[in-house]
file upload-v6.csv (CSV, C-alpha atoms)
chain,number,residue,atom,x,y,z
F,1,MET,CA,-26.9,16.1,-6.0
F,2,PRO,CA,-23.8,14.6,-7.8
F,3,LYS,CA,-20.5,16.3,-7.4
F,4,ALA,CA,-19.2,18.6,-10.1
F,5,ARG,CA,-17.0,16.5,-12.4
F,6,THR,CA,-17.0,18.5,-15.6
F,7,LEU,CA,-16.6,22.3,-15.9
F,8,LEU,CA,-17.5,24.2,-19.0
F,9,LEU,CA,-15.6,27.6,-18.8
F,10,PRO,CA,-15.2,30.5,-21.2
F,11,SER,CA,-11.6,30.7,-22.6
F,12,GLN,CA,-9.5,33.9,-22.2
F,13,THR,CA,-9.6,34.6,-25.9
F,14,GLU,CA,-12.1,32.6,-28.0
F,15,GLY,CA,-14.1,29.4,-27.5
F,16,TRP,CA,-14.6,27.3,-24.4
F,17,GLU,CA,-12.6,25.1,-22.1
F,18,VAL,CA,-13.6,21.6,-20.8
F,19,TRP,CA,-12.1,20.8,-17.4
F,20,MET,CA,-12.4,17.4,-15.7
F,21,CYS,CA,-12.4,17.5,-11.9
F,22,GLY,CA,-11.4,14.9,-9.3
F,23,ASN,CA,-11.7,15.2,-5.5
F,24,THR,CA,-8.8,17.7,-5.1
F,25,SER,CA,-7.9,19.2,-8.6
F,26,CYS,CA,-9.2,19.9,-12.1
F,27,THR,CA,-7.4,19.2,-15.4
F,28,LEU,CA,-8.0,20.9,-18.7
F,29,LYS,CA,-9.0,18.3,-21.2
F,30,LYS,CA,-9.8,20.2,-24.4
F,31,SER,CA,-10.8,23.5,-25.9
F,32,VAL,CA,-13.9,23.8,-28.2
F,33,ALA,CA,-15.4,26.4,-30.4
F,34,SER,CA,-18.8,26.4,-28.7
F,35,PRO,CA,-20.6,24.7,-25.8
F,36,PHE,CA,-22.4,22.4,-28.2
F,37,ASP,CA,-19.0,21.0,-29.5
F,38,ALA,CA,-18.1,20.1,-25.9
F,39,LYS,CA,-20.7,17.4,-25.9
F,40,VAL,CA,-20.9,17.4,-22.1
F,41,ALA,CA,-24.3,17.7,-20.4
F,42,GLY,CA,-24.3,15.1,-17.7
F,43,PRO,CA,-25.6,15.5,-14.1
F,44,GLY,CA,-22.0,16.4,-13.0
F,45,THR,CA,-21.5,19.2,-15.5
F,46,VAL,CA,-21.2,22.8,-14.2
F,47,VAL,CA,-21.5,25.8,-16.6
F,48,GLY,CA,-19.4,28.8,-15.8
F,49,VAL,CA,-21.4,31.7,-17.2
F,50,PRO,CA,-19.3,34.6,-18.6
F,51,ALA,CA,-19.4,37.9,-16.7
F,52,ARG,CA,-21.1,39.7,-19.6
F,53,TYR,CA,-24.1,37.4,-19.0
F,54,CYS,CA,-23.8,37.2,-15.2
F,55,ARG,CA,-23.0,40.3,-13.1
F,56,THR,CA,-22.1,39.9,-9.3
F,57,ILE,CA,-22.6,42.6,-6.7
F,58,GLY,CA,-21.9,42.5,-2.9
F,59,LEU,CA,-24.6,43.6,-0.4
F,60,SER,CA,-24.9,44.0,3.4
F,61,LEU,CA,-28.4,43.0,4.5
F,62,PRO,CA,-29.9,43.4,8.0
F,63,THR,CA,-31.3,39.9,8.3
F,64,LYS,CA,-30.2,36.3,8.6
F,65,ASP,CA,-33.4,34.7,7.4
F,66,PRO,CA,-32.7,33.3,3.9
F,67,LEU,CA,-36.3,34.1,2.6
F,68,VAL,CA,-36.2,37.7,3.8
F,69,MET,CA,-32.6,38.0,2.6
F,70,ARG,CA,-33.7,37.0,-1.0
F,71,LYS,CA,-36.5,39.6,-0.9
F,72,MET,CA,-34.2,42.3,0.2
F,73,ALA,CA,-31.6,41.4,-2.4
F,74,TYR,CA,-34.3,41.6,-5.1
F,75,SER,CA,-35.2,45.1,-3.8
F,76,GLN,CA,-31.6,46.2,-4.1
F,77,LEU,CA,-31.4,44.8,-7.7
F,78,GLU,CA,-34.6,46.6,-8.6
F,79,ARG,CA,-33.3,49.9,-7.1
F,80,ARG,CA,-30.1,49.6,-9.1
F,81,GLY,CA,-32.0,48.8,-12.4
F,82,MET,CA,-30.7,45.3,-12.5
F,83,ALA,CA,-34.0,43.4,-12.1
F,84,ARG,CA,-35.6,41.8,-15.1
F,85,GLY,CA,-39.3,42.1,-14.1
F,86,SER,CA,-40.7,40.6,-10.9
F,87,ALA,CA,-38.7,38.5,-8.4
F,88,LYS,CA,-39.8,35.3,-10.2
F,89,GLU,CA,-38.8,36.7,-13.6
F,90,THR,CA,-35.4,37.9,-12.4
F,91,LEU,CA,-32.8,35.1,-12.4
F,92,PHE,CA,-30.5,35.7,-9.4
F,93,ASP,CA,-28.8,33.8,-6.6
F,94,CYS,CA,-27.5,34.8,-3.1
F,95,HIS,CA,-24.2,33.5,-1.7
F,96,THR,CA,-23.7,34.2,2.0
F,97,LEU,CA,-20.2,35.5,3.0
F,98,PRO,CA,-18.3,35.4,6.3
F,99,SER,CA,-19.5,38.1,8.7
F,100,ARG,CA,-17.2,41.1,9.2
F,101,SER,CA,-18.7,42.4,12.4
F,102,ASP,CA,-20.7,41.3,15.5
F,103,GLY,CA,-23.9,42.9,14.3
F,104,ASP,CA,-27.0,41.4,12.7
F,105,ASP,CA,-26.0,42.3,9.1
F,106,THR,CA,-25.3,39.5,6.7
F,107,TYR,CA,-22.9,40.0,3.8
F,108,VAL,CA,-23.9,38.3,0.6
F,109,SER,CA,-22.8,38.3,-3.1
F,110,VAL,CA,-25.6,38.2,-5.6
F,111,ASP,CA,-25.3,36.8,-9.1
F,112,VAL,CA,-27.7,38.2,-11.6
F,113,MET,CA,-28.0,36.4,-14.9
F,114,SER,CA,-29.2,37.9,-18.2
F,115,ASP,CA,-30.5,35.9,-21.2
F,116,LEU,CA,-27.9,33.2,-22.2
F,117,PRO,CA,-26.9,32.7,-25.9
F,118,ASP,CA,-28.1,29.6,-27.8
F,119,GLY,CA,-26.2,26.4,-26.9
F,120,LEU,CA,-25.3,27.4,-23.3
F,121,GLU,CA,-28.6,26.4,-21.6
F,122,LEU,CA,-27.6,22.7,-21.0
F,123,ALA,CA,-30.7,21.0,-19.6
F,124,ASN,CA,-28.9,18.2,-17.9
F,125,ALA,CA,-26.2,20.3,-16.3
F,126,ARG,CA,-25.7,20.1,-12.5
F,127,GLY,CA,-25.9,23.9,-12.2
F,128,PHE,CA,-24.9,27.3,-13.5
F,129,THR,CA,-22.8,29.9,-11.8
F,130,ALA,CA,-20.6,32.9,-12.5
F,131,SER,CA,-17.4,31.6,-14.1
F,132,THR,CA,-15.1,33.6,-11.8
F,133,ARG,CA,-16.8,32.0,-8.8
F,134,LEU,CA,-15.2,28.7,-9.8
F,135,PHE,CA,-11.6,30.0,-9.1
F,136,PRO,CA,-10.0,30.7,-5.7
F,137,LEU,CA,-9.5,34.5,-5.7
F,138,PRO,CA,-6.3,36.2,-4.4
F,139,GLU,CA,-6.6,37.4,-0.8
F,140,ASN,CA,-6.8,41.2,-0.1
F,141,LYS,CA,-6.4,41.9,-3.8
F,142,LEU,CA,-8.6,42.9,-6.7
F,143,LEU,CA,-8.5,40.7,-9.8
F,144,LEU,CA,-8.5,41.7,-13.4
F,145,SER,CA,-9.2,38.6,-15.5
F,146,GLN,CA,-10.0,37.9,-19.2
F,147,GLU,CA,-12.9,36.1,-20.8
F,148,HIS,CA,-13.5,36.0,-24.5
F,149,GLY,CA,-11.3,39.0,-25.0
F,150,GLN,CA,-13.0,41.1,-22.3
F,151,LEU,CA,-11.5,42.4,-19.1
F,152,ILE,CA,-13.4,41.4,-16.0
F,153,LEU,CA,-12.8,43.2,-12.7
F,154,SER,CA,-13.5,41.1,-9.6
F,155,ALA,CA,-13.3,41.5,-5.8
F,156,GLY,CA,-13.3,38.6,-3.3
F,157,CYS,CA,-13.6,37.8,0.4
F,158,ASP,CA,-11.9,34.8,1.8
F,159,GLY,CA,-11.2,33.6,-1.7
F,160,LYS,CA,-14.9,33.8,-2.8
F,161,LEU,CA,-16.4,36.2,-5.3
F,162,VAL,CA,-18.1,39.3,-4.0
F,163,HIS,CA,-18.2,41.7,-7.0
F,164,SER,CA,-17.6,41.4,-10.8
F,165,GLN,CA,-18.1,43.7,-13.7
F,166,VAL,CA,-17.0,43.9,-17.4
F,167,ILE,CA,-14.4,46.7,-18.0
F,168,GLY,CA,-14.2,46.3,-21.7
F,169,PRO,CA,-12.0,44.7,-24.4
F,170,VAL,CA,-8.3,43.9,-23.6
F,171,GLU,CA,-7.3,46.9,-25.5
F,172,ARG,CA,-8.6,49.1,-22.7
F,173,LEU,CA,-5.5,48.2,-20.7
F,174,GLN,CA,-3.8,51.0,-22.6
F,175,ASN,CA,-6.8,53.4,-22.5
F,176,GLY,CA,-9.1,53.9,-19.5
F,177,ALA,CA,-9.0,50.6,-17.6
F,178,ALA,CA,-6.9,52.0,-14.8
F,179,GLN,CA,-9.2,54.9,-14.2
F,180,GLU,CA,-12.3,52.6,-14.1
F,181,VAL,CA,-10.5,50.2,-11.6
F,182,ASN,CA,-9.6,53.2,-9.4
F,183,LEU,CA,-13.2,54.5,-9.4
F,184,THR,CA,-14.7,51.1,-8.8
F,185,ARG,CA,-12.4,50.4,-5.9
F,186,MET,CA,-13.4,53.7,-4.2
F,187,ALA,CA,-17.1,52.9,-4.8
F,188,LEU,CA,-16.8,49.4,-3.4
F,189,GLU,CA,-14.9,50.7,-0.3
F,190,GLY,CA,-17.6,53.3,0.2
F,191,GLU,CA,-20.4,50.8,0.0
F,192,GLY,CA,-18.5,48.5,2.4
F,193,VAL,CA,-18.3,45.7,-0.1
F,194,ILE,CA,-14.5,45.6,0.3
F,195,ASP,CA,-12.3,47.0,3.1
F,196,SER,CA,-9.1,49.0,3.3
F,197,ARG,CA,-7.0,45.8,3.4
F,198,ILE,CA,-6.9,45.7,-0.4
F,199,ASN,CA,-3.2,46.1,-1.2
F,200,GLY,CA,-2.8,45.2,-4.8
F,201,LEU,CA,-4.3,43.9,-8.1
F,202,VAL,CA,-3.6,40.6,-9.8
F,203,VAL,CA,-3.9,40.2,-13.5
F,204,TRP,CA,-5.0,36.9,-15.2
F,205,ALA,CA,-4.9,38.0,-18.8
F,206,ASP,CA,-3.3,37.2,-22.1
F,207,CYS,CA,-0.8,40.0,-22.0
F,208,THR,CA,2.9,40.8,-21.2
F,209,GLU,CA,4.6,43.0,-18.6
F,210,GLU,CA,5.2,45.5,-21.3
F,211,ASP,CA,1.5,45.7,-22.0
F,212,LEU,CA,0.9,46.5,-18.3
F,213,SER,CA,3.4,49.4,-18.2
F,214,LYS,CA,1.0,52.2,-18.8
F,215,PHE,CA,-1.7,50.5,-16.8
F,216,ARG,CA,0.6,50.3,-13.8
F,217,ALA,CA,1.6,54.0,-14.1
F,218,GLU,CA,-2.1,55.1,-13.9
F,219,LEU,CA,-3.2,52.7,-11.2
F,220,ASN,CA,-3.2,53.4,-7.4
F,221,LEU,CA,-2.3,49.8,-6.6
F,222,PRO,CA,0.6,47.5,-7.1
F,223,VAL,CA,0.0,45.2,-10.1
F,224,GLU,CA,1.1,41.6,-10.4
F,225,LEU,CA,0.8,39.5,-13.6
F,226,ARG,CA,0.1,35.8,-12.8
F,227,PRO,CA,-1.1,32.8,-14.9
F,228,ARG,CA,-4.7,32.0,-14.3
F,229,PRO,CA,-4.9,29.0,-11.9
F,230,ALA,CA,-7.0,25.8,-12.4
F,231,PRO,CA,-10.6,26.0,-11.1
F,232,SER,CA,-11.4,24.5,-7.7
F,233,PRO,CA,-13.6,21.3,-7.6
F,234,ALA,CA,-14.7,22.2,-4.1
F,235,LEU,CA,-16.0,25.6,-5.3
F,236,ALA,CA,-17.6,24.0,-8.3
F,237,SER,CA,-19.6,21.7,-6.1
F,238,SER,CA,-20.5,24.3,-3.4
F,239,GLU,CA,-21.1,27.4,-5.5
F,240,SER,CA,-23.3,25.9,-8.3
F,241,ALA,CA,-26.1,24.3,-6.4
F,242,GLY,CA,-28.3,27.4,-6.0
F,243,GLU,CA,-31.1,29.2,-7.8
F,244,LEU,CA,-29.2,30.2,-11.0
F,245,VAL,CA,-31.1,27.9,-13.4
F,246,PRO,CA,-32.6,29.4,-16.6
F,247,ALA,CA,-36.3,29.1,-17.0
F,248,SER,CA,-35.9,27.1,-20.3
F,249,VAL,CA,-33.8,24.5,-18.4
F,250,LYS,CA,-36.3,24.2,-15.7
F,251,LYS,CA,-39.1,23.6,-18.3
F,252,THR,CA,-37.0,21.0,-20.1
F,253,ARG,CA,-36.2,19.1,-16.9
F,254,ALA,CA,-39.9,19.2,-15.9
F,255,ARG,CA,-41.0,18.0,-19.3
F,256,ARG,CA,-38.5,15.1,-19.2
F,257,ARG,CA,-39.7,14.1,-15.8
F,258,ARG,CA,-43.3,14.0,-17.0
F,259,THR,CA,-42.3,12.0,-20.1
F,260,TRP,CA,-40.6,9.4,-17.9
F,261,MET,CA,-43.6,9.2,-15.6
F,262,VAL,CA,-45.9,8.6,-18.6
F,263,ILE,CA,-43.6,6.0,-20.0
F,264,ALA,CA,-43.4,4.3,-16.7
F,265,LEU,CA,-47.2,4.3,-16.3
F,266,ILE,CA,-47.6,2.9,-19.9
F,267,ALA,CA,-45.0,0.2,-19.1
F,268,VAL,CA,-46.9,-0.9,-15.9
F,269,LEU,CA,-50.2,-1.0,-17.7
F,270,ALA,CA,-48.7,-2.8,-20.7
F,271,MET,CA,-47.2,-5.4,-18.3
F,272,ALA,CA,-50.6,-5.9,-16.7
F,273,TYR,CA,-52.3,-6.4,-20.0
F,274,LEU,CA,-49.6,-8.8,-21.1
F,275,VAL,CA,-50.2,-10.9,-18.0
F,276,VAL,CA,-53.9,-11.0,-18.8
F,277,ILE,CA,-53.1,-11.8,-22.5
F,278,HIS,CA,-50.8,-14.5,-21.4
F,279,ARG,CA,-53.4,-16.1,-19.2
F,280,MET,CA,-56.0,-15.9,-21.9
F,281,LYS,CA,-53.6,-17.3,-24.4
F,282,SER,CA,-52.7,-20.2,-22.1
F,283,ARG,CA,-56.4,-20.9,-21.7
F,284,LEU,CA,-56.8,-20.8,-25.4
F,285,ASP,CA,-53.9,-23.1,-25.9
F,286,ALA,CA,-55.3,-25.5,-23.4
F,287,LEU,CA,-58.6,-25.5,-25.3
F,288,ALA,CA,-56.8,-25.9,-28.6
F,289,SER,CA,-55.0,-29.0,-27.2
F,290,GLN,CA,-58.4,-30.6,-26.7
F,291,ILE,CA,-59.3,-30.3,-30.4
F,292,PRO,CA,-57.8,-33.7,-31.4
F,293,SER,CA,-59.8,-35.5,-28.8
F,294,LEU,CA,-62.9,-33.5,-29.8
F,295,GLU,CA,-62.3,-34.5,-33.5
F,296,LYS,CA,-62.1,-38.1,-32.4
F,297,GLN,CA,-65.3,-37.6,-30.5
F,298,VAL,CA,-66.8,-36.1,-33.7
F,299,GLU,CA,-66.0,-39.2,-35.6
F,300,GLN,CA,-67.5,-41.2,-32.9
F,301,THR,CA,-70.5,-39.0,-32.4
F,302,LYS,CA,-71.5,-37.7,-35.8
F,303,ASP,CA,-74.6,-36.1,-34.4
F,304,VAL,CA,-72.5,-33.5,-32.4
F,305,ALA,CA,-69.8,-32.8,-35.1
F,306,ALA,CA,-71.4,-29.7,-36.4
F,307,LYS,CA,-71.6,-28.2,-32.9
F,308,VAL,CA,-67.9,-28.9,-32.2
F,309,GLN,CA,-66.9,-27.3,-35.6
F,310,GLN,CA,-68.8,-24.2,-34.7
F,311,ALA,CA,-67.0,-24.0,-31.3
F,312,GLN,CA,-63.7,-24.3,-33.0
F,313,ALA,CA,-64.5,-21.6,-35.5
F,314,ARG,CA,-65.4,-19.3,-32.7
F,315,TRP,CA,-62.1,-19.8,-30.9
F,316,ASN,CA,-60.2,-19.3,-34.1
F,317,ALA,CA,-62.1,-16.0,-34.6
F,318,LEU,CA,-60.7,-14.9,-31.2
F,319,ARG,CA,-57.1,-15.2,-32.2
F,320,PRO,CA,-56.8,-11.8,-33.9
F,321,VAL,CA,-58.3,-10.2,-30.8
F,322,LEU,CA,-55.8,-11.8,-28.5
F,323,GLU,CA,-52.8,-10.8,-30.6
F,324,PRO,CA,-50.6,-8.5,-28.3
F,325,LYS,CA,-49.6,-6.2,-31.2
F,326,ARG,CA,-53.2,-5.1,-31.7
F,327,TYR,CA,-53.9,-4.0,-28.1
F,328,PRO,CA,-54.5,-0.2,-27.6
F,329,LEU,CA,-51.9,0.3,-24.9
F,330,VAL,CA,-49.3,-1.5,-27.1
F,331,HIS,CA,-50.2,0.9,-29.9
F,332,LEU,CA,-49.9,3.9,-27.5
F,333,SER,CA,-46.7,2.6,-26.1
F,334,HIS,CA,-45.1,2.4,-29.6
F,335,ILE,CA,-46.4,5.8,-30.6
F,336,ALA,CA,-45.1,7.4,-27.4
F,337,ARG,CA,-41.7,5.8,-28.0
F,338,VAL,CA,-41.3,7.3,-31.5
F,339,MET,CA,-42.7,10.8,-30.6
F,340,PRO,CA,-40.2,13.7,-31.3
F,341,GLY,CA,-38.4,15.1,-28.3
F,342,GLY,CA,-40.7,18.2,-28.1
F,343,GLY,CA,-43.4,20.1,-29.9
F,344,VAL,CA,-46.0,17.3,-30.3
F,345,ARG,CA,-48.8,16.4,-27.9
F,346,ILE,CA,-51.4,13.7,-28.3
F,347,THR,CA,-54.9,14.8,-27.3
F,348,ASP,CA,-57.1,11.8,-28.4
F,349,PHE,CA,-56.4,8.2,-29.1
F,350,GLU,CA,-58.8,5.6,-30.5
F,351,SER,CA,-57.9,2.0,-31.3
F,352,LYS,CA,-60.1,-0.7,-33.0
F,353,ILE,CA,-59.1,-4.0,-34.4
F,354,LYS,CA,-58.6,-2.8,-37.9
F,355,GLU,CA,-58.2,0.9,-37.4
F,356,VAL,CA,-56.2,3.3,-35.1
F,357,VAL,CA,-56.9,7.1,-34.9
F,358,VAL,CA,-54.4,9.5,-33.3
F,359,LYS,CA,-55.3,13.1,-32.8
F,360,GLY,CA,-53.0,15.8,-31.4
F,361,ALA,CA,-51.4,19.2,-31.6
F,362,ALA,CA,-47.9,20.2,-32.8
F,363,ARG,CA,-46.0,23.4,-32.6
F,364,ASP,CA,-46.1,23.6,-36.4
F,365,THR,CA,-47.0,21.5,-39.5
F,366,ALA,CA,-43.4,20.3,-39.8
F,367,ALA,CA,-43.5,18.7,-36.4
F,368,ALA,CA,-46.8,17.0,-37.3
F,369,TYR,CA,-45.3,15.5,-40.5
F,370,GLU,CA,-42.2,14.5,-38.6
F,371,MET,CA,-44.5,12.5,-36.2
F,372,LEU,CA,-46.2,10.8,-39.2
F,373,ARG,CA,-42.8,9.9,-40.7
F,374,LEU,CA,-41.5,8.4,-37.5
F,375,MET,CA,-44.7,6.3,-37.1
F,376,LYS,CA,-44.4,5.0,-40.7
F,377,GLU,CA,-40.8,4.0,-40.2
F,378,ASP,CA,-41.2,2.2,-36.9
F,379,GLU,CA,-41.1,-1.6,-37.4
F,380,GLU,CA,-43.6,-2.3,-34.6
F,381,LEU,CA,-46.2,0.1,-36.2
F,382,LYS,CA,-45.8,-1.1,-39.8
F,383,VAL,CA,-48.7,-3.5,-39.2
F,384,TYR,CA,-50.8,-0.5,-40.1
F,385,ASN,CA,-50.9,1.8,-43.1
F,386,TRP,CA,-50.6,5.3,-41.7
F,387,GLU,CA,-52.1,8.4,-43.5
F,388,MET,CA,-52.6,12.0,-42.4
F,389,PRO,CA,-54.7,14.7,-44.0
F,390,GLN,CA,-53.3,18.3,-44.2
F,391,PRO,CA,-52.9,19.5,-40.6
F,392,THR,CA,-55.1,22.5,-39.5
F,393,LEU,CA,-53.2,25.7,-38.5
F,394,GLN,CA,-54.5,27.4,-35.3
F,395,ARG,CA,-54.2,31.1,-34.5
F,396,ASP,CA,-51.1,30.6,-32.4
F,397,SER,CA,-49.3,28.9,-35.4
F,398,ARG,CA,-49.8,25.5,-33.8
F,399,ALA,CA,-51.1,22.7,-36.0
F,400,SER,CA,-53.9,20.2,-35.2
F,401,PHE,CA,-53.5,16.8,-36.9
F,402,GLU,CA,-55.3,13.5,-37.2
F,403,ILE,CA,-53.3,10.3,-38.2
F,404,LYS,CA,-55.2,7.2,-39.2
F,405,GLY,CA,-53.8,3.7,-39.4
F,406,LYS,CA,-55.5,0.9,-41.2
F,407,LEU,CA,-54.6,-2.8,-40.8
F,408,ARG,CA,-52.6,-4.0,-43.7
call {"tool": "encode", "arguments": {"input": "upload-v6.csv", "output": "structure tokens"}}
result
Amino acid sequence: MPKARTLLLPSQTEGWEVWMCGNTSCTLKKSVASPFDAKVAGPGTVVGVPARYCRTIGLSLPTKDPLVMRKMAYSQLERRGMARGSAKETLFDCHTLPSRSDGDDTYVSVDVMSDLPDGLELANARGFTASTRLFPLPENKLLLSQEHGQLILSAGCDGKLVHSQVIGPVERLQNGAAQEVNLTRMALEGEGVIDSRINGLVVWADCTEEDLSKFRAELNLPVELRPRPAPSPALASSESAGELVPASVKKTRARRRRTWMVIALIAVLAMAYLVVIHRMKSRLDALASQIPSLEKQVEQTKDVAAKVQQAQARWNALRPVLEPKRYPLVHLSHIARVMPGGGVRITDFESKIKEVVVKGAARDTAAAYEMLRLMKEDEELKVYNWEMPQPTLQRDSRASFEIKGKLR
């Protein structure tokens, strides 16, 4: 898997940040209004999912087997009301943490993702992970960060994320945030997620020391305001290669792999047919080169002239059949090339010398007419005049269609 080279992270206030990463550091390149505007979806892109879509909890599990660990983690999510159906339907990922004892328990932090908003499920991305997991966390301190105007409380172990939750809008610094931090800290200590070495809280937020005055007075920990650091390229590569991939992204990736396999198969078959065509054409050319001598023989042998002319006529009749542009696989290759990116499936294909019939199913009538338009506009397919009757709607709103092409 390629290294993480581009990070897409939620801004502290609004919009998204695009970070470019080298081997040792990351640099902020630009800020955009939405993930779509970032125009980054290559195999080295990592998406930092905001905490409101990706909750993180810490667990102590009595096993070291990864498969058993995942099953036990799902049971804990189900018990806490965080599961979204079965284990396959719940999108979660387990990150093993350093052991704190000599026992058999394994400490893990579990990311649980909810449905992502439109535009964030980038199909070509390297991976998805909780955004806070991409930053080195302060040692022995809780963290209060800001994403899209929301306060996020996080706890770490050896610089890695263990727990995260949304506290609320930034305005809660003045009203209730301190009480929730105090209660969450006691709960995490009681569950063994963090230990008593926590000696402070670091704030990465768009606020001033004056904004923190009331928060400090109500909190049972020292508070330090710091600028948010740059994300870590090492964490981006190691923490984003897990199971946190949306189902729609998996389906898109699988569909693209199948499409490339079909295209590759068509290309191989087309090359084989072209080789056969080339050999037949070479043979035809060789025979055609004999025509002058045959004509001379016709002059010399009037009695066999009619037979020679008939043979020549037969070979001339073969020329349209040997034209590469009229072979079925060539037609199918061109049609596959112009098919829309999704929503259209070919179920039947028939090719004759003067007529081609394409039958299929589309997600709706608009997709079927789009398929017709692309076939009409393709230069390689303009040798036929394409027409399509009104598509037939099925019960599931899909449309069956039949496109016919007649030789011009």
call {"tool": "closest_residue", "arguments": {"input": "upload-v6.csv", "among": "F:Val338, F:Lys296, F:Gly22, F:Leu393", "to": "Glu377 of chain F", "atoms": "only C-alpha atoms"}}
result
F:Val338
call {"tool": "residues_around", "arguments": {"input": "upload-v6.csv", "residues": "segment 56-61 of chain F", "least_positions_apart": "3", "cutoff": "9 Å", "atoms": "only C-alpha atoms", "output": "list in words"}}
result
Ala51, Lys64, Met69, Met72, Ala73, Gln76, Asp104, Asp105, Thr106, Tyr107, Val108, Ser109, Val110, Asp111, Val112, Met113, Ala130, Ser154, Leu161, Val162, His163, Ser164, Gln165, Leu188, Glu191, Gly192, Val193 and Ile194 of chain F
call {"tool": "write_last_selection", "arguments": {"input": "upload-v6.csv", "atoms": "C-alpha atoms", "output": "compact mmCIF listing (two decimals), in the coordinates of the input"}}
result
# COMPACT_ATOMS: atom_id res chain seq x y z
CA ALA F 51 -19.40 37.90 -16.70
CA LYS F 64 -30.20 36.30 8.60
CA MET F 69 -32.60 38.00 2.60
CA MET F 72 -34.20 42.30 0.20
CA ALA F 73 -31.60 41.40 -2.40
CA GLN F 76 -31.60 46.20 -4.10
CA ASP F 104 -27.00 41.40 12.70
CA ASP F 105 -26.00 42.30 9.10
CA THR F 106 -25.30 39.50 6.70
CA TYR F 107 -22.90 40.00 3.80
CA VAL F 108 -23.90 38.30 0.60
CA SER F 109 -22.80 38.30 -3.10
CA VAL F 110 -25.60 38.20 -5.60
CA ASP F 111 -25.30 36.80 -9.10
CA VAL F 112 -27.70 38.20 -11.60
CA MET F 113 -28.00 36.40 -14.90
CA ALA F 130 -20.60 32.90 -12.50
CA SER F 154 -13.50 41.10 -9.60
CA LEU F 161 -16.40 36.20 -5.30
CA VAL F 162 -18.10 39.30 -4.00
CA HIS F 163 -18.20 41.70 -7.00
CA SER F 164 -17.60 41.40 -10.80
CA GLN F 165 -18.10 43.70 -13.70
CA LEU F 188 -16.80 49.40 -3.40
CA GLU F 191 -20.40 50.80 0.00
CA GLY F 192 -18.50 48.50 2.40
CA VAL F 193 -18.30 45.70 -0.10
CA ILE F 194 -14.50 45.60 0.30
call {"tool": "closest_residue", "arguments": {"input": "upload-v6.csv", "among": "F:Leu274, F:Leu244, F:Leu269, F:Ile346", "to": "Glu89 of chain F", "atoms": "all atoms listed in the file"}}
result
F:Leu244
call {"tool": "closest_residue", "arguments": {"input": "upload-v6.csv", "among": "F:Ser248, F:Thr27, F:Asn175, F:Asn199", "to": "Ala217 of chain F", "atoms": "only C-alpha atoms"}}
result
F:Asn175
call {"tool": "closest_residue", "arguments": {"input": "upload-v6.csv", "among": "F:Val223, F:Leu120, F:Val356, F:Val249", "to": "Leu407 of chain F", "atoms": "all atoms listed in the file"}}
result
F:Val356
call {"tool": "atom_distance", "arguments": {"input": "upload-v6.csv", "atom1": "atom CA of Gly168 of chain F", "atom2": "atom CA of Gln12 of chain F"}}
result
13.3 Å
